[in-house]
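Asker: Next up, data-v1.cif (mmCIF, C-alpha atoms and all ligand atoms).
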data_upload
loop_
_atom_site.label_atom_id
_atom_site.label_comp_id
_atom_site.auth_asym_id
_atom_site.auth_seq_id
_atom_site.Cartn_x
_atom_site.Cartn_y
_atom_site.Cartn_z
CA MET G 1 45.38 -66.95 -99.63
CA ARG G 2 47.61 -66.51 -102.68
CA HIS G 3 49.76 -63.43 -102.69
CA LYS G 4 51.08 -61.48 -105.65
CA VAL G 5 54.47 -59.78 -105.70
CA THR G 6 55.75 -57.70 -108.59
CA VAL G 7 59.48 -57.22 -109.01
CA VAL G 8 60.35 -54.23 -111.18
CA GLY G 9 63.70 -54.65 -112.94
CA SER G 10 64.65 -58.08 -114.26
CA GLY G 11 68.38 -57.56 -113.87
CA ASN G 12 70.64 -59.14 -111.29
CA VAL G 13 68.80 -58.12 -108.12
CA GLY G 14 65.30 -58.33 -109.59
CA ALA G 15 65.64 -61.75 -111.21
CA THR G 16 67.35 -63.19 -108.15
CA ALA G 17 64.66 -61.74 -105.85
CA ALA G 18 62.03 -63.35 -108.09
CA HIS G 19 63.97 -66.62 -107.73
CA TRP G 20 64.02 -66.49 -103.91
CA ILE G 21 60.39 -65.38 -103.61
CA ALA G 22 59.08 -68.05 -106.00
CA SER G 23 61.24 -70.87 -104.65
CA LYS G 24 60.14 -70.13 -101.08
CA GLU G 25 56.56 -70.26 -102.39
CA LEU G 26 55.83 -66.88 -100.82
CA ALA G 27 53.76 -65.57 -103.72
CA ASP G 28 53.05 -65.57 -107.43
CA VAL G 29 55.64 -63.33 -109.02
CA VAL G 30 55.45 -60.87 -111.89
CA LEU G 31 58.84 -59.78 -113.22
CA ILE G 32 58.72 -56.58 -115.27
CA ASP G 33 61.34 -54.57 -117.14
CA ILE G 34 61.54 -52.08 -119.99
CA ILE G 35 63.84 -54.39 -121.93
CA GLU G 36 61.79 -56.63 -124.18
CA GLY G 37 62.35 -60.36 -123.89
CA VAL G 38 64.50 -60.49 -120.78
CA PRO G 39 61.72 -60.59 -118.15
CA GLN G 40 59.74 -63.00 -120.36
CA GLY G 41 62.75 -65.31 -120.77
CA LYS G 42 63.84 -65.23 -117.13
CA GLY G 43 60.25 -65.50 -115.90
CA LEU G 44 59.54 -68.57 -118.03
CA ASP G 45 62.85 -70.18 -117.09
CA LEU G 46 62.04 -69.67 -113.40
CA LEU G 47 58.51 -71.01 -113.85
CA GLU G 48 59.97 -74.15 -115.42
CA ALA G 49 62.14 -74.65 -112.32
CA MET G 50 59.07 -74.80 -110.06
CA PRO G 51 58.25 -78.51 -110.60
CA ILE G 52 61.81 -79.38 -109.57
CA GLU G 53 61.58 -77.09 -106.54
CA LYS G 54 58.16 -78.57 -105.73
CA CYS G 55 56.62 -75.09 -105.73
CA ASP G 56 53.31 -73.92 -107.10
CA SER G 57 54.30 -70.27 -107.35
CA HIS G 58 53.39 -68.83 -110.72
CA VAL G 59 56.00 -66.63 -112.40
CA LEU G 60 55.31 -64.27 -115.29
CA GLY G 61 57.77 -62.04 -117.11
CA THR G 62 56.33 -59.03 -118.93
CA ASN G 63 56.74 -55.48 -120.19
CA ASP G 64 53.10 -54.63 -119.52
CA TYR G 65 52.11 -53.11 -116.18
CA ALA G 66 48.56 -54.40 -116.63
CA ASP G 67 50.00 -57.81 -115.65
CA THR G 68 51.12 -56.36 -112.31
CA ALA G 69 47.58 -55.32 -111.31
CA ASN G 70 46.64 -55.73 -107.66
CA SER G 71 50.04 -56.75 -106.38
CA ASP G 72 50.32 -56.99 -102.61
CA ILE G 73 53.96 -55.91 -102.70
CA VAL G 74 56.02 -54.26 -105.42
CA VAL G 75 59.79 -54.58 -105.08
CA ILE G 76 61.54 -51.87 -107.12
CA THR G 77 65.01 -52.85 -108.32
CA ALA G 78 64.94 -50.85 -111.56
CA GLY G 79 67.96 -48.64 -111.98
CA ILE G 80 71.60 -48.69 -112.91
CA PRO G 81 74.15 -50.25 -110.55
CA ARG G 82 77.53 -48.68 -109.84
CA LYS G 83 80.88 -49.74 -111.28
CA PRO G 84 84.31 -49.63 -109.65
CA GLY G 85 85.32 -46.09 -108.71
CA MET G 86 81.72 -44.89 -108.36
CA SER G 87 79.77 -44.19 -105.21
CA ARG G 88 76.09 -45.07 -104.91
CA ASP G 89 75.38 -41.33 -104.91
CA ASP G 90 76.67 -41.07 -108.50
CA LEU G 91 73.52 -42.98 -109.55
CA LEU G 92 71.20 -40.29 -108.17
CA ASN G 93 70.03 -38.44 -111.27
CA THR G 94 69.69 -41.45 -113.58
CA ASN G 95 67.86 -43.58 -111.04
CA TYR G 96 65.62 -40.68 -109.97
CA LYS G 97 64.25 -40.53 -113.55
CA ILE G 98 63.78 -44.32 -113.59
CA MET G 99 62.05 -44.24 -110.21
CA LYS G 100 59.64 -41.53 -111.40
CA ASP G 101 58.71 -43.65 -114.41
CA VAL G 102 58.27 -46.83 -112.36
CA VAL G 103 56.30 -45.39 -109.43
CA GLY G 104 53.79 -43.70 -111.76
CA LYS G 105 53.08 -46.97 -113.55
CA VAL G 106 52.98 -49.11 -110.41
CA LEU G 107 50.45 -46.77 -108.81
CA GLN G 108 48.12 -47.02 -111.77
CA TYR G 109 47.69 -50.78 -111.33
CA SER G 110 48.44 -51.50 -107.65
CA PRO G 111 47.19 -48.50 -105.67
CA ASN G 112 47.00 -50.55 -102.47
CA CYS G 113 50.40 -52.23 -102.59
CA ILE G 114 53.36 -51.94 -100.26
CA LEU G 115 56.50 -50.67 -101.97
CA ILE G 116 59.91 -52.08 -101.13
CA VAL G 117 62.59 -49.92 -102.73
CA VAL G 118 65.99 -51.42 -103.55
CA SER G 119 67.43 -49.05 -106.19
CA ASN G 120 70.32 -46.81 -105.17
CA PRO G 121 71.12 -44.43 -103.71
CA LEU G 122 68.70 -46.26 -101.45
CA ASP G 123 67.47 -43.70 -98.96
CA ALA G 124 66.98 -40.99 -101.60
CA MET G 125 65.17 -43.44 -103.90
CA ALA G 126 62.89 -44.56 -101.06
CA GLN G 127 62.13 -40.89 -100.34
CA THR G 128 61.38 -40.38 -104.05
CA ALA G 129 58.97 -43.33 -104.10
CA PHE G 130 57.31 -42.10 -100.88
CA LYS G 131 56.83 -38.54 -102.13
CA LEU G 132 55.67 -39.50 -105.63
CA SER G 133 53.29 -42.24 -104.48
CA GLY G 134 51.57 -40.24 -101.79
CA PHE G 135 51.36 -43.52 -99.81
CA SER G 136 51.43 -43.45 -96.03
CA ARG G 137 54.91 -44.01 -94.68
CA ASN G 138 54.20 -47.54 -93.46
CA ARG G 139 53.76 -48.61 -97.12
CA VAL G 140 57.07 -47.37 -98.55
CA ILE G 141 60.09 -49.19 -97.17
CA GLY G 142 63.73 -49.12 -98.21
CA MET G 143 65.89 -52.26 -98.22
CA ALA G 144 69.43 -51.77 -96.94
CA GLY G 145 69.76 -52.53 -93.25
CA VAL G 146 68.94 -56.23 -93.64
CA LEU G 147 71.76 -56.47 -96.18
CA ASP G 148 74.24 -54.36 -94.22
CA SER G 149 73.57 -56.24 -91.01
CA ALA G 150 73.81 -59.60 -92.84
CA ARG G 151 77.28 -58.57 -94.00
CA PHE G 152 78.24 -57.58 -90.45
CA ARG G 153 76.83 -60.91 -89.17
CA THR G 154 78.86 -62.82 -91.76
CA PHE G 155 82.10 -61.12 -90.73
CA ILE G 156 81.41 -61.62 -87.00
CA ALA G 157 80.56 -65.32 -87.50
CA GLU G 158 83.73 -65.86 -89.54
CA GLU G 159 85.85 -64.06 -86.98
CA LEU G 160 84.51 -66.05 -84.02
CA LYS G 161 83.99 -69.29 -85.96
CA VAL G 162 80.39 -69.58 -84.80
CA SER G 163 77.15 -70.27 -86.61
CA VAL G 164 75.68 -67.28 -88.41
CA GLU G 165 72.47 -68.22 -86.62
CA ASN G 166 74.08 -67.18 -83.33
CA VAL G 167 74.83 -63.69 -84.58
CA THR G 168 72.50 -60.71 -84.59
CA ALA G 169 73.81 -57.39 -85.74
CA PHE G 170 72.52 -53.90 -85.75
CA VAL G 171 73.16 -51.27 -88.43
CA LEU G 172 71.59 -47.83 -88.37
CA GLY G 173 71.62 -44.87 -90.75
CA GLY G 174 71.68 -44.34 -94.49
CA HIS G 175 72.93 -47.00 -96.92
CA GLY G 176 76.10 -45.14 -97.74
CA ASP G 177 79.67 -44.72 -96.63
CA THR G 178 78.42 -43.17 -93.37
CA MET G 179 76.20 -46.10 -92.28
CA VAL G 180 76.38 -46.84 -88.56
CA PRO G 181 77.03 -50.48 -87.54
CA LEU G 182 76.29 -50.54 -83.81
CA ALA G 183 78.61 -52.96 -82.03
CA ARG G 184 76.98 -52.35 -78.65
CA TYR G 185 73.69 -53.86 -79.88
CA SER G 186 75.26 -56.70 -81.88
CA THR G 187 75.42 -60.04 -80.12
CA VAL G 188 76.53 -63.66 -80.34
CA ALA G 189 74.09 -65.92 -78.51
CA GLY G 190 73.06 -62.88 -76.51
CA ILE G 191 76.62 -61.84 -75.62
CA PRO G 192 77.53 -58.34 -76.84
CA ILE G 193 80.34 -58.63 -79.40
CA THR G 194 82.22 -55.92 -77.54
CA GLU G 195 82.88 -58.68 -74.95
CA LEU G 196 84.20 -61.10 -77.59
CA ILE G 197 86.20 -59.09 -80.13
CA GLU G 198 88.87 -56.60 -79.16
CA PRO G 199 88.24 -52.97 -80.21
CA THR G 200 90.82 -52.65 -83.02
CA ARG G 201 89.69 -55.85 -84.72
CA LEU G 202 86.04 -54.89 -84.22
CA GLU G 203 86.65 -51.55 -85.92
CA GLN G 204 88.10 -53.43 -88.92
CA LEU G 205 84.97 -55.58 -89.18
CA ILE G 206 82.79 -52.47 -88.92
CA GLN G 207 84.75 -50.75 -91.69
CA ARG G 208 84.51 -53.87 -93.88
CA THR G 209 80.73 -53.76 -93.35
CA ARG G 210 80.61 -50.09 -94.41
CA ASP G 211 82.63 -51.00 -97.50
CA GLY G 212 80.71 -54.25 -98.11
CA GLY G 213 79.00 -53.08 -101.31
CA ALA G 214 82.22 -51.64 -102.75
CA GLU G 215 84.10 -54.87 -101.97
CA ILE G 216 81.74 -56.82 -104.25
CA VAL G 217 81.77 -54.12 -106.95
CA LYS G 218 85.56 -54.33 -107.00
CA TYR G 219 85.36 -58.06 -107.81
CA LEU G 220 82.44 -57.99 -110.24
CA LYS G 221 83.59 -54.85 -112.11
CA THR G 222 80.44 -54.64 -114.27
CA GLY G 223 77.88 -54.20 -111.51
CA SER G 224 77.13 -54.72 -107.85
CA ALA G 225 76.05 -57.38 -105.36
CA PHE G 226 72.80 -59.21 -105.93
CA TYR G 227 72.54 -62.52 -104.04
CA ALA G 228 72.57 -61.03 -100.54
CA PRO G 229 70.60 -57.92 -101.57
CA SER G 230 67.80 -60.00 -103.12
CA ALA G 231 67.77 -62.38 -100.15
CA ALA G 232 67.42 -59.32 -97.90
CA ALA G 233 64.48 -57.96 -99.88
CA THR G 234 62.90 -61.42 -99.76
CA GLU G 235 63.15 -61.53 -95.97
CA MET G 236 61.20 -58.27 -95.86
CA VAL G 237 58.60 -59.61 -98.33
CA GLU G 238 58.18 -62.72 -96.17
CA ALA G 239 57.81 -60.74 -92.94
CA ILE G 240 55.03 -58.68 -94.53
CA LEU G 241 53.15 -61.46 -96.33
CA LYS G 242 53.24 -63.72 -93.27
CA ASP G 243 52.45 -60.82 -90.91
CA LYS G 244 55.41 -61.92 -88.81
CA LYS G 245 55.86 -58.67 -86.79
CA LYS G 246 59.57 -59.16 -87.35
CA ILE G 247 61.95 -56.41 -86.32
CA LEU G 248 64.34 -55.70 -89.17
CA PRO G 249 66.51 -52.70 -89.97
CA CYS G 250 64.80 -50.84 -92.81
CA ALA G 251 64.91 -47.38 -94.34
CA ALA G 252 61.83 -45.60 -93.01
CA TYR G 253 60.49 -42.05 -93.27
CA LEU G 254 61.22 -40.53 -89.89
CA GLU G 255 58.92 -37.95 -88.37
CA GLY G 256 60.86 -36.98 -85.29
CA GLU G 257 62.13 -40.44 -84.31
CA TYR G 258 65.81 -40.38 -83.40
CA GLY G 259 65.59 -36.57 -83.62
CA ILE G 260 65.26 -36.75 -87.42
CA ASN G 261 62.35 -35.27 -89.33
CA GLY G 262 61.13 -35.69 -92.90
CA LEU G 263 63.82 -38.08 -94.09
CA TYR G 264 64.39 -41.74 -94.97
CA VAL G 265 67.05 -43.29 -92.75
CA GLY G 266 67.71 -46.87 -91.64
CA VAL G 267 66.19 -47.75 -88.25
CA PRO G 268 64.76 -50.89 -86.63
CA CYS G 269 61.20 -51.44 -87.87
CA LYS G 270 58.54 -53.98 -87.04
CA LEU G 271 57.28 -55.47 -90.33
CA GLY G 272 53.85 -57.03 -90.59
CA SER G 273 50.92 -57.10 -92.99
CA LYS G 274 50.58 -53.31 -92.89
CA GLY G 275 54.23 -52.81 -93.79
CA ILE G 276 56.10 -50.82 -91.15
CA GLU G 277 53.94 -51.27 -88.06
CA GLN G 278 56.33 -49.69 -85.59
CA ILE G 279 59.62 -47.81 -85.61
CA VAL G 280 61.61 -49.04 -82.66
CA GLU G 281 63.53 -46.29 -80.89
CA ILE G 282 66.52 -47.23 -78.79
CA LYS G 283 68.74 -45.09 -76.62
CA LEU G 284 71.95 -44.04 -78.34
CA THR G 285 75.11 -42.70 -76.79
CA ALA G 286 76.16 -39.18 -77.81
CA ASP G 287 78.73 -40.62 -80.25
CA GLU G 288 76.20 -42.99 -81.82
CA GLN G 289 73.61 -40.20 -82.16
CA ALA G 290 76.24 -37.97 -83.79
CA ALA G 291 77.17 -40.74 -86.26
CA LEU G 292 73.48 -41.27 -87.10
CA GLN G 293 72.99 -37.52 -87.58
CA LYS G 294 76.00 -37.38 -89.90
CA SER G 295 74.57 -40.25 -91.93
CA ALA G 296 71.16 -38.54 -92.07
CA ASP G 297 72.81 -35.28 -93.19
CA SER G 298 74.33 -37.02 -96.20
CA VAL G 299 70.89 -38.41 -97.13
CA LYS G 300 69.44 -34.91 -96.72
CA GLU G 301 71.99 -33.48 -99.10
CA LEU G 302 71.03 -36.03 -101.78
CA VAL G 303 67.27 -35.53 -101.47
CA GLY G 304 67.96 -31.79 -101.68
CA VAL G 305 69.56 -32.27 -105.10
CA ILE G 306 66.49 -34.01 -106.56
CA GLY G 307 64.06 -31.90 -104.52
CA VAL G 308 61.98 -34.65 -102.92
N1 LIG O 1 69.56 -51.24 -101.52
C1 LIG O 1 70.58 -52.06 -101.66
O1 LIG O 1 71.15 -52.50 -100.68
C2 LIG O 1 71.00 -52.49 -103.03
C3 LIG O 1 71.72 -53.67 -103.21
C4 LIG O 1 72.08 -54.07 -104.49
C5 LIG O 1 71.72 -53.28 -105.60
N2 LIG O 1 71.05 -52.13 -105.38
C6 LIG O 1 70.64 -51.28 -106.51
O2 LIG O 1 69.60 -51.95 -107.22
C7 LIG O 1 69.59 -51.48 -108.58
C8 LIG O 1 69.57 -52.68 -109.54
O3 LIG O 1 70.77 -53.40 -109.45
P1 LIG O 1 71.04 -54.65 -110.44
O4 LIG O 1 72.33 -55.21 -110.06
O5 LIG O 1 69.83 -55.51 -110.49
O6 LIG O 1 71.16 -53.88 -111.84
P2 LIG O 1 70.90 -54.50 -113.29
O7 LIG O 1 71.49 -53.54 -114.27
O8 LIG O 1 71.31 -55.91 -113.34
O9 LIG O 1 69.31 -54.46 -113.43
C9 LIG O 1 68.57 -53.27 -113.45
C10 LIG O 1 67.37 -53.49 -114.36
O10 LIG O 1 66.53 -52.32 -114.26
C11 LIG O 1 65.91 -52.20 -115.54
N3 LIG O 1 65.31 -50.89 -115.74
C12 LIG O 1 65.93 -49.71 -116.01
N4 LIG O 1 65.01 -48.74 -116.16
C13 LIG O 1 63.80 -49.31 -115.96
C14 LIG O 1 62.48 -48.81 -115.97
N5 LIG O 1 62.21 -47.53 -116.21
N6 LIG O 1 61.47 -49.68 -115.74
C15 LIG O 1 61.72 -51.00 -115.48
N7 LIG O 1 62.96 -51.50 -115.45
C16 LIG O 1 63.99 -50.68 -115.70
C17 LIG O 1 67.05 -52.49 -116.51
O11 LIG O 1 66.57 -52.76 -117.81
C18 LIG O 1 67.73 -53.66 -115.84
O12 LIG O 1 67.26 -54.90 -116.32
C19 LIG O 1 70.82 -50.58 -108.71
O13 LIG O 1 70.45 -49.23 -108.59
C20 LIG O 1 71.69 -50.99 -107.54
O14 LIG O 1 72.58 -49.98 -107.14
C21 LIG O 1 70.69 -51.73 -104.13
O1 LIG O 2 77.23 -51.32 -103.38
C1 LIG O 2 76.34 -51.14 -104.21
O2 LIG O 2 76.41 -50.25 -105.08
C2 LIG O 2 75.15 -52.05 -104.23
C3 LIG O 2 74.51 -52.21 -102.90
O3 LIG O 2 74.15 -50.97 -102.35
C4 LIG O 2 75.34 -53.01 -101.93
O4 LIG O 2 75.55 -52.56 -100.80
O5 LIG O 2 75.77 -54.12 -102.31
#
Reformat the file's structure so that it appears as structure tokens.

Answerer:
Amino acid sequence: MRHKVTVVGSGNVGATAAHWIASKELADVVLIDIIEGVPQGKGLDLLEAMPIEKCDSHVLGTNDYADTANSDIVVITAGIPRKPGMSRDDLLNTNYKIMKDVVGKVLQYSPNCILIVVSNPLDAMAQTAFKLSGFSRNRVIGMAGVLDSARFRTFIAEELKVSVENVTAFVLGGHGDTMVPLARYSTVAGIPITELIEPTRLEQLIQRTRDGGAEIVKYLKTGSAFYAPSAAATEMVEAILKDKKKILPCAAYLEGEYGINGLYVGVPCKLGSKGIEQIVEIKLTADEQAALQKSADSVKELVGVIGV
């Protein structure tokens, strides 16, 4: 069966997500933006790469939501990125307005889709999409944990000079400065990293993970990371389209899990054809629970500002 994925926003993250999705032949892709010409140009360019990539994915760039009709998944990357000196939270009001515009139009044409939200500040934007869409919580998923844990995995693999394939890492909480990389549940070939990296060094790697987005912004100056973020969103798209039942850290609307109610926060989720099919609850120590609560409190403050 052919799948259809719409990517809203044809900027850095959106166009690169379209690239990964099409070149992995996961689906036909519609790339949509408010800017005229850019999605059309990038979409056509990507389509013309398909013969070389030996892929039969169709790619269409457009400004017309009618072209997005009946998408299985809609990945929302529309929104402004931060610049050096800004926090993701500084994007709140601008991206809230963009999210309102986008969700309304997506709903009109793809009422049965699954939404993957990428725009920042991530947890608050996922909550906005959830509240405005009226979708059940399994169909509105925020992308952050796959990216944050990929960064943690990269730093662990570099530190220990092992294959990234050996490393699994666990990051909980909101996608902000208070995210919670959990060393205790991060492993190298099944060995907890707490056995392999001494505590002071480990804390440095954890802090680098928390600052991972800002580190890239500092280099790029005009915007933020997009290769790893779009690869992360693509892994979620793949898990859903292939009904893989893959456990990935995602921002999900919690209804009592981890003692948190009525809020999007990053937790381990099983992704399959229905979207989030299970939220996996693990036992946390008192310190870990407190760190998660602190992270959730900062998300709560943001959603309070926009009233969603
Ligand atoms: N969740 C994460 O981990 C993560 C990672 C990277 C980036 N982001 C966020 O993703 C967003 C996009 O980042 P980027 O680097 O691609 O930015 P970008 O500026 O390159 O692209 C954003 C695109 O959104 C489009 N857009 C704006 N308003 C729109 C609307 N109403 N409808 C359709 N399109 C609209 C713009 O025209 C632009 O092309 C930012 O908010 C960024 O902070 C999140
Ligand atoms: O850091 C940003 O603003 C973009 C994104 O959230 C990231 O973590 O790369």

Asker: Counting all atoms listed in the file, give me one row per residue of chain G with an atom at most 6 Å from an atom of ligand LIG 2 (chain O), showing the shortest contact pair and its distance in Å to one decimal, sorted by chain then residue number, as CSV.

Answerer:
residue,atom,partner,partner_atom,distance
G:Pro81,CA,O:LIG2,O2,5.9
G:Arg82,CA,O:LIG2,O2,5.1
G:Arg88,CA,O:LIG2,O2,5.2
G:Gly213,CA,O:LIG2,O1,3.2
G:Ala214,CA,O:LIG2,O1,5.0
G:Ser224,CA,O:LIG2,C2,4.9
G:Ala225,CA,O:LIG2,O5,4.5

Asker: Would you please work out which residue, of G:Val29, G:Val59, G:Ala233, G:Ile193, is nearest to ligand LIG 1 (chain O) when using all atoms listed in the file?

Answerer: G:Ala233

Asker: Take CA of Tyr96 (chain G) and CA of Ile34 (chain G) and report the distance between them in Å, one decimal.

Answerer: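 Interatomic distance, CA of Tyr96 (chain G) to CA of Ile34 (chain G): 15.7 Å.
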
Asker: Which chains and residue numbers are within 6 Å of ligand LIG 1 (chain O), counting only C-alpha atoms and all ligand atoms, if I want them as a PyMOL selection string?

Answerer: chain G and resi 8-14+33-35+77-82+98+101-102+118-120+122+143-144+223-226+229

Asker: So what do you get for CA of Lys246 (chain G) versus CA of Ala183 (chain G), distance-wise?

Answerer: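 Separation between CA of Lys246 (chain G) and CA of Ala183 (chain G): 20.7 Å.
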
Asker: Could you please give me, as a ChimeraX atom specification, the residues of protein, DNA or RNA lying at most 12 Å from (74.8, -46.6, -99.2) in the coordinate frame of the file, considering all atoms listed in the file?

Answerer: /G:81-82,86-92,118-125,142-145,147-148,171-180,209-214,251,265-266,295-296,298-299,302

Asker: Would you list the residues near (49.6, -59.5, -105.0) (no more than 7 Å away, in the coordinates of the file, using all atoms listed in the file) as a short mmCIF file (atom, residue, chain, number, x, y, z; two decimals) with C-alpha atoms, in the coordinates of the input?

Answerer:
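The resulting file, selection35.cif, is shown below:
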data_model
loop_
_atom_site.label_atom_id
_atom_site.label_comp_id
_atom_site.auth_asym_id
_atom_site.auth_seq_id
_atom_site.Cartn_x
_atom_site.Cartn_y
_atom_site.Cartn_z
CA HIS G 3 49.76 -63.43 -102.69
CA LYS G 4 51.08 -61.48 -105.65
CA VAL G 5 54.47 -59.78 -105.70
CA ASN G 70 46.64 -55.73 -107.66
CA SER G 71 50.04 -56.75 -106.38
CA ASP G 72 50.32 -56.99 -102.61
CA ILE G 73 53.96 -55.91 -102.70
#

Asker: Restricting the calculation to all atoms listed in the file, which member of G:Thr6, G:Lys100, G:Pro111, G:Thr128 is positioned closest to Thr68 (chain G)?

Answerer: G:Thr6

Asker: With a distance cut-off of 9 Å and all atoms listed in the file, select the neighbouring residues of Ala15 (chain G), excluding the residue or stretch itself and same-chain residues fewer than 3 positions from it, and output the selection as a PDB file with C-alpha atoms, keeping the file's coordinate frame.

Answerer:
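Final output, saved to part.pdb:
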ATOM      1  CA  VAL G   7      59.480 -57.220-109.010  1.00  0.00           C
ATOM      2  CA  GLY G   9      63.700 -54.650-112.940  1.00  0.00           C
ATOM      3  CA  SER G  10      64.650 -58.080-114.260  1.00  0.00           C
ATOM      4  CA  GLY G  11      68.380 -57.560-113.870  1.00  0.00           C
ATOM      5  CA  ASN G  12      70.640 -59.140-111.290  1.00  0.00           C
ATOM      6  CA  ALA G  18      62.030 -63.350-108.090  1.00  0.00           C
ATOM      7  CA  HIS G  19      63.970 -66.620-107.730  1.00  0.00           C
ATOM      8  CA  TRP G  20      64.020 -66.490-103.910  1.00  0.00           C
ATOM      9  CA  LEU G  31      58.840 -59.780-113.220  1.00  0.00           C
ATOM     10  CA  PRO G  39      61.720 -60.590-118.150  1.00  0.00           C
ATOM     11  CA  LYS G  42      63.840 -65.230-117.130  1.00  0.00           C
ATOM     12  CA  GLY G  43      60.250 -65.500-115.900  1.00  0.00           C
ATOM     13  CA  LEU G  46      62.040 -69.670-113.400  1.00  0.00           C
ATOM     14  CA  SER G 230      67.800 -60.000-103.120  1.00  0.00           C
TER      15      SER G 230
END
